[in-house]
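Reading through the structure tokens given below for one structure.
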Amino acid sequence: MTTDLVDTDAAAINTAIIEARMRNGMPATGMVLSLVIDTEEGDHYDALRAATAASRAHPARILVHIARGSRGSTRTAPRLDAEIRAAGESGPGEIVLLRTHGELSQHAEAVVLPLLLPDAPVVAWWPGVGPERMCDAPLGTLAQRRVSDSAAAPKPLDALARRGQGYCPGDTDLAWTRATTWRTMLASALDEPFDQVTGLQVDAEKGNPTAELLALWLEDRMGLPARRKVTKGPGITAVTLTLRIGEIVLHRPDGRLATLSRPGQPDRSVALPRRELSDLLAEELRRLDPDEIFGRTLARLGTERSGARREPSTST
Amino acid sequence: MSVPVIGEGPIGGAGNPLRDPGDRRIPRIAGPCGMVIFGVTGDLARKKLMPAIYDLANRGLLPPGFSLVGFARRDWADQDFAQIVHDSVKEHSRTPFSEDVWRQLSEGIRFVPGEFGDATAFGTLKATIDELDRSRGTGGNHAFYLSVPPKFFADVVQSLKTFGLADPVPGSWRRVVIEKPFGHDLLSAQELNRIVGEVFPAGSVFRIDHYLGKETVQNILALRFANEMFEPIWNRGHVDHVQITMAEDIGIAGRAGYYDGIGAARDVIQNHLIQLLALTAMEEPVSFDAASLLSEKLKVLSSVKLPSDLAAHTARGQYVAGWQGGRQVRGYLDEEGMDSRSTTETYAAIRVDVDTRRWAGVPFYLRTGKRLGRRVTEVAIVFSRAPHLPFASTAVEELGKNALVIRVQPDEGVTVRFGSKVPGTAMELRDVTMDFAYGQSFTESSPEAYERLILDVLLGDPPLFPRHEEVEQSWRILDPIEAFWAASGRPDEYIAGTWGPRSADEMLARDSRQWRRP
């Protein structure tokens with residue numbers, strides 16, 4: 001059941017949430033976190049769909065902030081409209097769409113704060129690029145985990161660089177989440193005895209932020225520079241670890257099936273599909289403490305990019 | 001906040017530069033390996049094993065090149081078997097079906113037709129495995145899953161030995177997986193263990209009790225040992241008694257041959273309920289590795305004592321025709337293929353005591369049955385009444401004992417039952433419940449028990465598998481009861497769809513207690 005409240009405030013929304021719960025006969029809640037999504041009218045459908053799917057694994061109250069009109073315009077009168085979808089319909093928690101008008105758009109945290117679940121952790125997600133410094137953004141200050149997606153930016157590598165400059169522990173980016181399946185396969189490939197690694201190479205589409213993070217991570221772990229080779233994609237197409245004799249290659253030409261080859265052994269195939277948004281988000285919600293490995297990998301990006309390769313596009 | 005999870009040690013071997021204990025996104029994947037399933041035509045293989053293998057593949061947790069060999073008495077080619085796997089996966093898998101994952105998995109599917117004692121067939125099996133090592137790179141690592149009745153175990157493991165299939169070349173492994181029943185009494189369990197133990201070392205034998213793979217069962221340890229609020233009252237000072245229930249609403253439909261002569265106690269109490277008892281009653285293990293868990297479980301199981309008067313403290317029953325949940329069902333003796341004079345029990349309830357400082361004087365009641373009110377498995381810790389109630393006796397008339405209920409299935413979660421004031425003017429108290437529904441949310445996407453267990457077999461991670469010492473301890477507990485029942489005539493009758501025979505209620509009434517209605 002959906003309740004629409006026009007020109008309302010957080011207290012009225014809370015009342016409506018409790019009433020809806022009582023009506024459905026489920027006053028107790030089993031939710032483990034609040035997920036705050038900051039998005040636009042045009043994007044909220046996809047984001048919400050992914051969040052709902054992810055909340056099946058991590059039951060959450062989902063609060064979606066949609067800024068109406070141009071953000072923070074003083075010409076429109078400040079107003080809050082809310083759409084409350086009762087718990088139990090699409091997921092275990094309720095979904096509240098908060099549409100802010102006028103100046104209120106800049107103060108979304110004031111609307112969200114009273115609606116957070118008591119005690120439970122808060123995750124903020126910007127389905128797009130996200131603010132410069134997520135931990136200083138009004139909604140970001142409420143959250144212990146902040147998620148953006150550099151891949152959604154027109155220039156993903158620049159967006160990633162900015163993420164690195166404004167990084168706070170607890171920040172994460174879906175470009176990094178997309179690297180998990182690759183990292184898993186590579187790590188397990190090295191569980192078997194291997195010869196000394198002398199070279200690294202990552203092949204990917206031009207400007208793919210996940211490939212860059214994967215290369216940085218490999219450089220960090222192996223203490224070797226990684227070559228980046230541009231291919232037609234899709235996404236990452238291969239990772240090569242050069243050994244003294246031969247090489248270990250994880251090759252995925254079609255974005256679906258990969259082949260792992262290593263010297264002296266038959267090739268092995270493995271499904272390595274590109275993952276759905278809901279799947280990525282569910283992975284982000286699994287651990288709510290800062291991802292130190294991501295922090296370290298991003299820090300390398302800072303040092304590399306401010307060096308000879310290219311000046312970062314923002315300077316202050 | 002870190003909750004202990006059984007068997008989740010530090011990941012990665014030393015020396016792998018890509019592994020970091022701080023990197024918790026990377027799951028553990030087994031090295032190159034394959035699995036051979038004996039008895040692929042059975043229900044278990046079709047409904048649980050093969051779907052679980054697919055789900056693991058879909059979650060990216062199977063190693064590249066993983067291979068699956070089916071072995072059964074069928075005249076099938078590889079493609080026929082692949083079709084069977086395909087259908088069972090489509091019907092029963094937990095995760096969505098993906099053509100890519102399937103294509104990759106199906107490349108490694110083989111079938112070997114034959115009898116369990118047939119030399120030619122095992123020769124073919126050996127050739128098949130060697131071929132997989134060459135073409136798929138399974139590296140000589142293979143797990144043999146015996147999804148067959150125990151009477152075939154001896155044949156299968158002996159043939160594995162004869163053909164050198166049980167002996168790994170250095171640097172690789174061979175493991176065997178067996179399902180319950182682990183014997184029907186202490187002697188047969190020891191015999192079974194001898195048969196398997198002659199061929200496979202103890203560390204390579206994985207006994208599956210799928211209950212131990214369930215999230216909620218593992219959560220018993222998290223609940224007890226990761227929290228401050230439960231463990232201090234988890235003892236005789238505050239606990240009145242413990243009830244462990246596994247109730248099924250189904251009968252023995254079609255399984256008369258298996259079930260008759262076995263009965264509820266051997267089928268369920270010996271493995272599932274005694275494992276639940278061990279996890280509920282054991283002391284805190286030093287760590288969550290297999291050895292520490294085993295030693296705590298063995299300690300508590302060896303301190304289990306049976307009541308001296310078995311007639312007063314055990315009960316058994318057999319269901320008769322009734323209207324279960326609105327459907328007319330036949331009685332046990334009228335089931336198809338049943339011996340009409342059978343004295344096999346379909347309901348069993350026993351009292352045991354745990355002779356330790358923590359539990360002295362706290363009875364543990366275990367019960368299980370078929371055709372009971374509804375399907376439910378739970379562990380209920382029932383607390384003593386408050387030592388003093390500063391209310392008028394009329395106010396507390398409806399107040400029961402506090403209880404903490406761990407709901408294992410179907411509706412996984414935790415319920416706390418406590419007294420609360422009835423809204424209104426007078427001071428009146430009654431019991432209310434507070435629910436934590438783990439199930440609704442977590443079970444859908446949390447791994448099914450078999451996935452977790454198969455993964456652990458491939459990783460060689462033993463904490464979730466009962467060792468033969470535990471199996472023998474549980475038979476030590478059950479054997480005297482079975483002997484007593486065998487000598488005392490027929491089980492009592494109960495109407496299908498009810499909560500068991502009257503004798504079970506009387507058994508608790510003798511201790512001034514009563515069964516919870518789950």
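A note on labels: chains of the structure tokens are A, B, ... as shown, every chain counts residues from 1, and ligands are counted from 1 in their shown order.
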Using only C-alpha atoms, determine which residues of chain A fall within 9 Å of chain B; present them as a short mmCIF file (atom, residue, chain, number, x, y, z; two decimals) with N, CA and C atoms, in the first residue's frame.
```cif
data_model
loop_
_atom_site.label_atom_id
_atom_site.label_comp_id
_atom_site.auth_asym_id
_atom_site.auth_seq_id
_atom_site.Cartn_x
_atom_site.Cartn_y
_atom_site.Cartn_z
N ALA A 28 6.80 -5.39 14.73
CA ALA A 28 8.22 -5.61 14.99
C ALA A 28 8.98 -5.49 13.68
N THR A 29 10.20 -5.06 13.76
CA THR A 29 10.98 -4.93 12.54
C THR A 29 12.25 -5.75 12.64
N GLY A 30 12.67 -6.28 11.53
CA GLY A 30 13.90 -7.04 11.51
C GLY A 30 14.93 -6.39 10.62
N MET A 31 14.83 -5.08 10.47
CA MET A 31 15.72 -4.42 9.52
C MET A 31 17.08 -4.16 10.13
N SER A 55 17.98 -5.34 -0.70
CA SER A 55 17.46 -5.34 0.66
C SER A 55 16.83 -6.67 1.02
N ARG A 56 16.68 -7.55 0.03
CA ARG A 56 16.22 -8.87 0.38
C ARG A 56 17.31 -9.63 1.13
N ALA A 57 18.54 -9.34 0.78
CA ALA A 57 19.66 -9.96 1.50
C ALA A 57 20.00 -9.17 2.77
N HIS A 58 19.80 -7.86 2.74
CA HIS A 58 20.15 -7.03 3.88
C HIS A 58 18.95 -6.13 4.16
N PRO A 59 18.00 -6.63 4.93
CA PRO A 59 16.74 -5.89 5.11
C PRO A 59 16.98 -4.45 5.56
N GLY A 91 9.78 -5.50 -0.20
CA GLY A 91 10.93 -5.91 0.59
C GLY A 91 10.54 -5.89 2.05
N PRO A 92 11.46 -6.28 2.91
CA PRO A 92 11.11 -6.36 4.33
C PRO A 92 10.97 -4.99 5.01
N THR A 177 33.74 -2.34 -6.60
CA THR A 177 32.95 -3.55 -6.37
C THR A 177 32.99 -4.46 -7.59
N THR A 180 35.68 -7.15 -7.80
CA THR A 180 35.77 -8.26 -6.84
C THR A 180 35.88 -9.63 -7.51
N THR A 181 35.05 -9.89 -8.54
CA THR A 181 35.10 -11.22 -9.14
C THR A 181 36.47 -11.47 -9.78
N ARG A 183 39.32 -10.04 -8.86
CA ARG A 183 40.30 -10.16 -7.78
C ARG A 183 40.21 -11.55 -7.16
N THR A 184 38.97 -12.05 -7.04
CA THR A 184 38.79 -13.37 -6.43
C THR A 184 39.47 -14.46 -7.27
N MET A 185 39.22 -14.41 -8.57
CA MET A 185 39.81 -15.42 -9.45
C MET A 185 41.33 -15.34 -9.44
N LEU A 186 41.85 -14.11 -9.46
CA LEU A 186 43.31 -13.96 -9.50
C LEU A 186 43.92 -14.43 -8.18
N ALA A 187 43.26 -14.06 -7.07
CA ALA A 187 43.81 -14.48 -5.78
C ALA A 187 43.80 -15.99 -5.66
N SER A 188 42.71 -16.64 -6.13
CA SER A 188 42.69 -18.09 -5.98
C SER A 188 43.66 -18.75 -6.96
N ALA A 189 43.93 -18.08 -8.09
CA ALA A 189 44.92 -18.64 -9.01
C ALA A 189 46.29 -18.68 -8.33
N LEU A 190 46.56 -17.72 -7.47
CA LEU A 190 47.86 -17.68 -6.80
C LEU A 190 47.87 -18.49 -5.50
N ASP A 191 46.73 -19.12 -5.17
CA ASP A 191 46.75 -20.05 -4.04
C ASP A 191 47.56 -21.28 -4.40
N GLU A 192 47.58 -21.59 -5.68
CA GLU A 192 48.40 -22.71 -6.12
C GLU A 192 49.85 -22.23 -6.22
N PRO A 193 50.77 -23.16 -6.11
CA PRO A 193 52.17 -22.74 -6.21
C PRO A 193 52.43 -22.05 -7.54
N TRP A 217 45.56 -2.09 -7.76
CA TRP A 217 45.57 -3.09 -6.68
C TRP A 217 46.68 -4.11 -6.92
N LEU A 218 46.78 -4.58 -8.15
CA LEU A 218 47.83 -5.56 -8.48
C LEU A 218 49.21 -4.95 -8.24
N ARG A 221 49.85 -4.85 -4.51
CA ARG A 221 50.09 -6.16 -3.89
C ARG A 221 51.39 -6.78 -4.37
N MET A 222 51.70 -6.63 -5.65
CA MET A 222 52.84 -7.35 -6.20
C MET A 222 54.12 -6.51 -6.20
N ARG A 256 31.56 -12.46 -20.46
CA ARG A 256 30.76 -13.50 -19.82
C ARG A 256 31.60 -14.67 -19.34
N LEU A 257 32.23 -15.37 -20.30
CA LEU A 257 33.01 -16.55 -19.94
C LEU A 257 34.49 -16.23 -19.98
N ALA A 258 35.20 -16.68 -18.97
CA ALA A 258 36.64 -16.42 -18.93
C ALA A 258 37.40 -17.74 -19.02
N THR A 259 38.64 -17.64 -19.45
CA THR A 259 39.51 -18.80 -19.47
C THR A 259 40.74 -18.48 -18.64
N LEU A 260 41.07 -19.41 -17.76
CA LEU A 260 42.26 -19.24 -16.95
C LEU A 260 43.33 -20.16 -17.53
N GLN A 265 49.52 -26.44 -17.68
CA GLN A 265 48.21 -26.97 -17.27
C GLN A 265 47.19 -26.67 -18.36
N PRO A 266 46.16 -27.54 -18.44
CA PRO A 266 45.12 -27.26 -19.43
C PRO A 266 44.38 -25.97 -19.09
N ASP A 267 43.82 -25.33 -20.11
CA ASP A 267 43.01 -24.13 -19.87
C ASP A 267 41.75 -24.52 -19.12
N ARG A 268 41.34 -23.65 -18.21
CA ARG A 268 40.10 -23.91 -17.46
C ARG A 268 39.14 -22.76 -17.71
N SER A 269 37.89 -23.11 -17.91
CA SER A 269 36.94 -22.03 -18.17
C SER A 269 36.13 -21.75 -16.91
N VAL A 270 35.70 -20.53 -16.78
CA VAL A 270 34.91 -20.14 -15.62
C VAL A 270 33.98 -19.00 -16.03
N ALA A 271 32.76 -19.05 -15.50
CA ALA A 271 31.83 -17.96 -15.80
C ALA A 271 32.25 -16.73 -15.00
N LEU A 272 32.42 -15.63 -15.68
CA LEU A 272 32.83 -14.40 -14.99
C LEU A 272 31.97 -13.26 -15.53
N PRO A 273 30.65 -13.36 -15.31
CA PRO A 273 29.75 -12.39 -15.93
C PRO A 273 29.87 -11.02 -15.28
N GLU A 283 26.69 -6.52 -2.26
CA GLU A 283 28.05 -6.72 -1.76
C GLU A 283 28.48 -5.55 -0.89
N ARG A 286 27.17 -5.76 2.66
CA ARG A 286 27.56 -6.91 3.48
C ARG A 286 28.47 -6.49 4.62
N ARG A 287 29.43 -5.62 4.33
CA ARG A 287 30.37 -5.16 5.36
C ARG A 287 30.19 -3.66 5.51
N ASP A 289 32.09 -1.67 7.67
CA ASP A 289 33.25 -0.94 8.16
C ASP A 289 34.08 -0.47 6.96
N ASP A 291 36.57 0.09 4.00
CA ASP A 291 37.31 -0.86 3.18
C ASP A 291 38.73 -0.31 3.00
N GLU A 292 39.63 -0.80 3.84
CA GLU A 292 40.98 -0.24 3.86
C GLU A 292 41.74 -0.53 2.56
N ILE A 293 41.46 -1.68 2.00
CA ILE A 293 42.16 -2.05 0.77
C ILE A 293 41.79 -1.06 -0.34
N PHE A 294 40.50 -0.68 -0.39
CA PHE A 294 40.06 0.30 -1.38
C PHE A 294 40.76 1.64 -1.12
#
```
Would you list, as JSON, numbers by chain, the residues of range 84-145 of chain A that end up in helix (DSSP H, G or I) under DSSP run on this structure's backbone? {"A": [102, 103, 104, 105, 106, 107, 108, 109, 110, 111, 112, 113, 114, 115, 140, 141, 142]}
Just the residues within 9 Å of Met50 in chain B, please, counting only C-alpha atoms, with nothing from its chain fewer than 6 positions along; format it as a list of chain:residue names.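 Residues meeting the cut-off are B:Val40, B:Leu44, B:Val85, B:His86, B:Ser88, B:Val89, B:His92, B:Ser93.
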Please, could you write that set of residues out with N, CA and C atoms as a compact mmCIF listing (two decimals), in the first residue's frame?
```txt
# COMPACT_ATOMS: atom_id res chain seq x y z
N VAL B 40 23.23 -40.57 -8.44
CA VAL B 40 22.72 -39.29 -8.93
C VAL B 40 21.24 -39.29 -9.23
N LEU B 44 17.78 -36.72 -3.23
CA LEU B 44 18.71 -35.77 -2.62
C LEU B 44 19.60 -35.14 -3.68
N VAL B 85 20.82 -33.00 -14.96
CA VAL B 85 21.34 -31.94 -14.09
C VAL B 85 20.67 -30.62 -14.46
N HIS B 86 20.62 -30.36 -15.76
CA HIS B 86 20.01 -29.13 -16.26
C HIS B 86 18.60 -28.97 -15.71
N SER B 88 17.15 -30.47 -13.14
CA SER B 88 17.05 -30.36 -11.68
C SER B 88 17.53 -28.97 -11.24
N VAL B 89 18.53 -28.44 -11.94
CA VAL B 89 19.00 -27.10 -11.61
C VAL B 89 17.91 -26.07 -11.89
N HIS B 92 15.17 -26.49 -9.18
CA HIS B 92 15.43 -26.36 -7.75
C HIS B 92 16.49 -25.35 -7.34
N SER B 93 17.18 -24.73 -8.29
CA SER B 93 18.27 -23.86 -7.84
C SER B 93 17.71 -22.61 -7.19
```
Please list as a PyMOL selection string every residue within 9 Å of range 235-249 of chain A, counting only C-alpha atoms and excluding residues in the same chain fewer than 3 positions away. chain A and resi 182+186+189+194-206+208+210-211+215+231-232+252-255+258-264+274
For the selection you just gave me, I'd like the residues written to a file as a short mmCIF file (atom, residue, chain, number, x, y, z; two decimals), in the first residue's frame, keeping C-alpha atoms.
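Done, and the output landed in result33.cif:
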```
data_model
loop_
_atom_site.label_atom_id
_atom_site.label_comp_id
_atom_site.auth_asym_id
_atom_site.auth_seq_id
_atom_site.Cartn_x
_atom_site.Cartn_y
_atom_site.Cartn_z
CA TRP A 182 38.38 -10.58 -10.99
CA LEU A 186 43.31 -13.96 -9.50
CA ALA A 189 44.92 -18.64 -9.01
CA PHE A 194 53.46 -20.26 -8.78
CA ASP A 195 56.71 -19.10 -10.18
CA GLN A 196 57.95 -15.58 -9.49
CA VAL A 197 55.81 -12.90 -11.13
CA THR A 198 57.85 -10.48 -13.21
CA GLY A 199 55.22 -8.46 -15.04
CA LEU A 200 51.58 -7.39 -14.90
CA GLN A 201 49.18 -6.33 -17.60
CA VAL A 202 45.51 -5.35 -17.56
CA ASP A 203 43.59 -5.19 -20.85
CA ALA A 204 40.37 -3.21 -20.91
CA GLU A 205 38.15 -0.77 -22.67
CA LYS A 206 39.44 2.79 -22.72
CA ASN A 208 37.38 1.84 -17.56
CA THR A 210 37.40 -0.83 -12.68
CA ALA A 211 40.37 -1.81 -14.83
CA ALA A 215 45.74 -2.52 -12.06
CA THR A 231 41.07 -3.12 -26.06
CA LYS A 232 37.56 -2.97 -27.46
CA ARG A 252 37.45 -12.77 -20.84
CA PRO A 253 36.79 -11.62 -24.39
CA ASP A 254 32.98 -11.48 -24.27
CA GLY A 255 32.18 -10.13 -20.83
CA ALA A 258 36.64 -16.42 -18.93
CA THR A 259 39.51 -18.80 -19.47
CA LEU A 260 42.26 -19.24 -16.95
CA SER A 261 45.51 -20.49 -18.46
CA ARG A 262 48.79 -21.18 -16.78
CA PRO A 263 51.97 -22.88 -17.86
CA GLY A 264 51.93 -26.65 -18.00
CA ARG A 274 29.44 -8.65 -15.49
#
```
Option closest in space to Asn271 in chain B, from B:Met246, B:Ala119, B:Leu187, B:Ile84 [counting only C-alpha atoms]: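 Closest candidate: B:Met246.
In terms of minimum interatomic distance to Asp158 in chain A, A:Leu301 ranks closest within A:Leu301, A:Val32, A:Ala12, A:Leu139, counting only C-alpha atoms.
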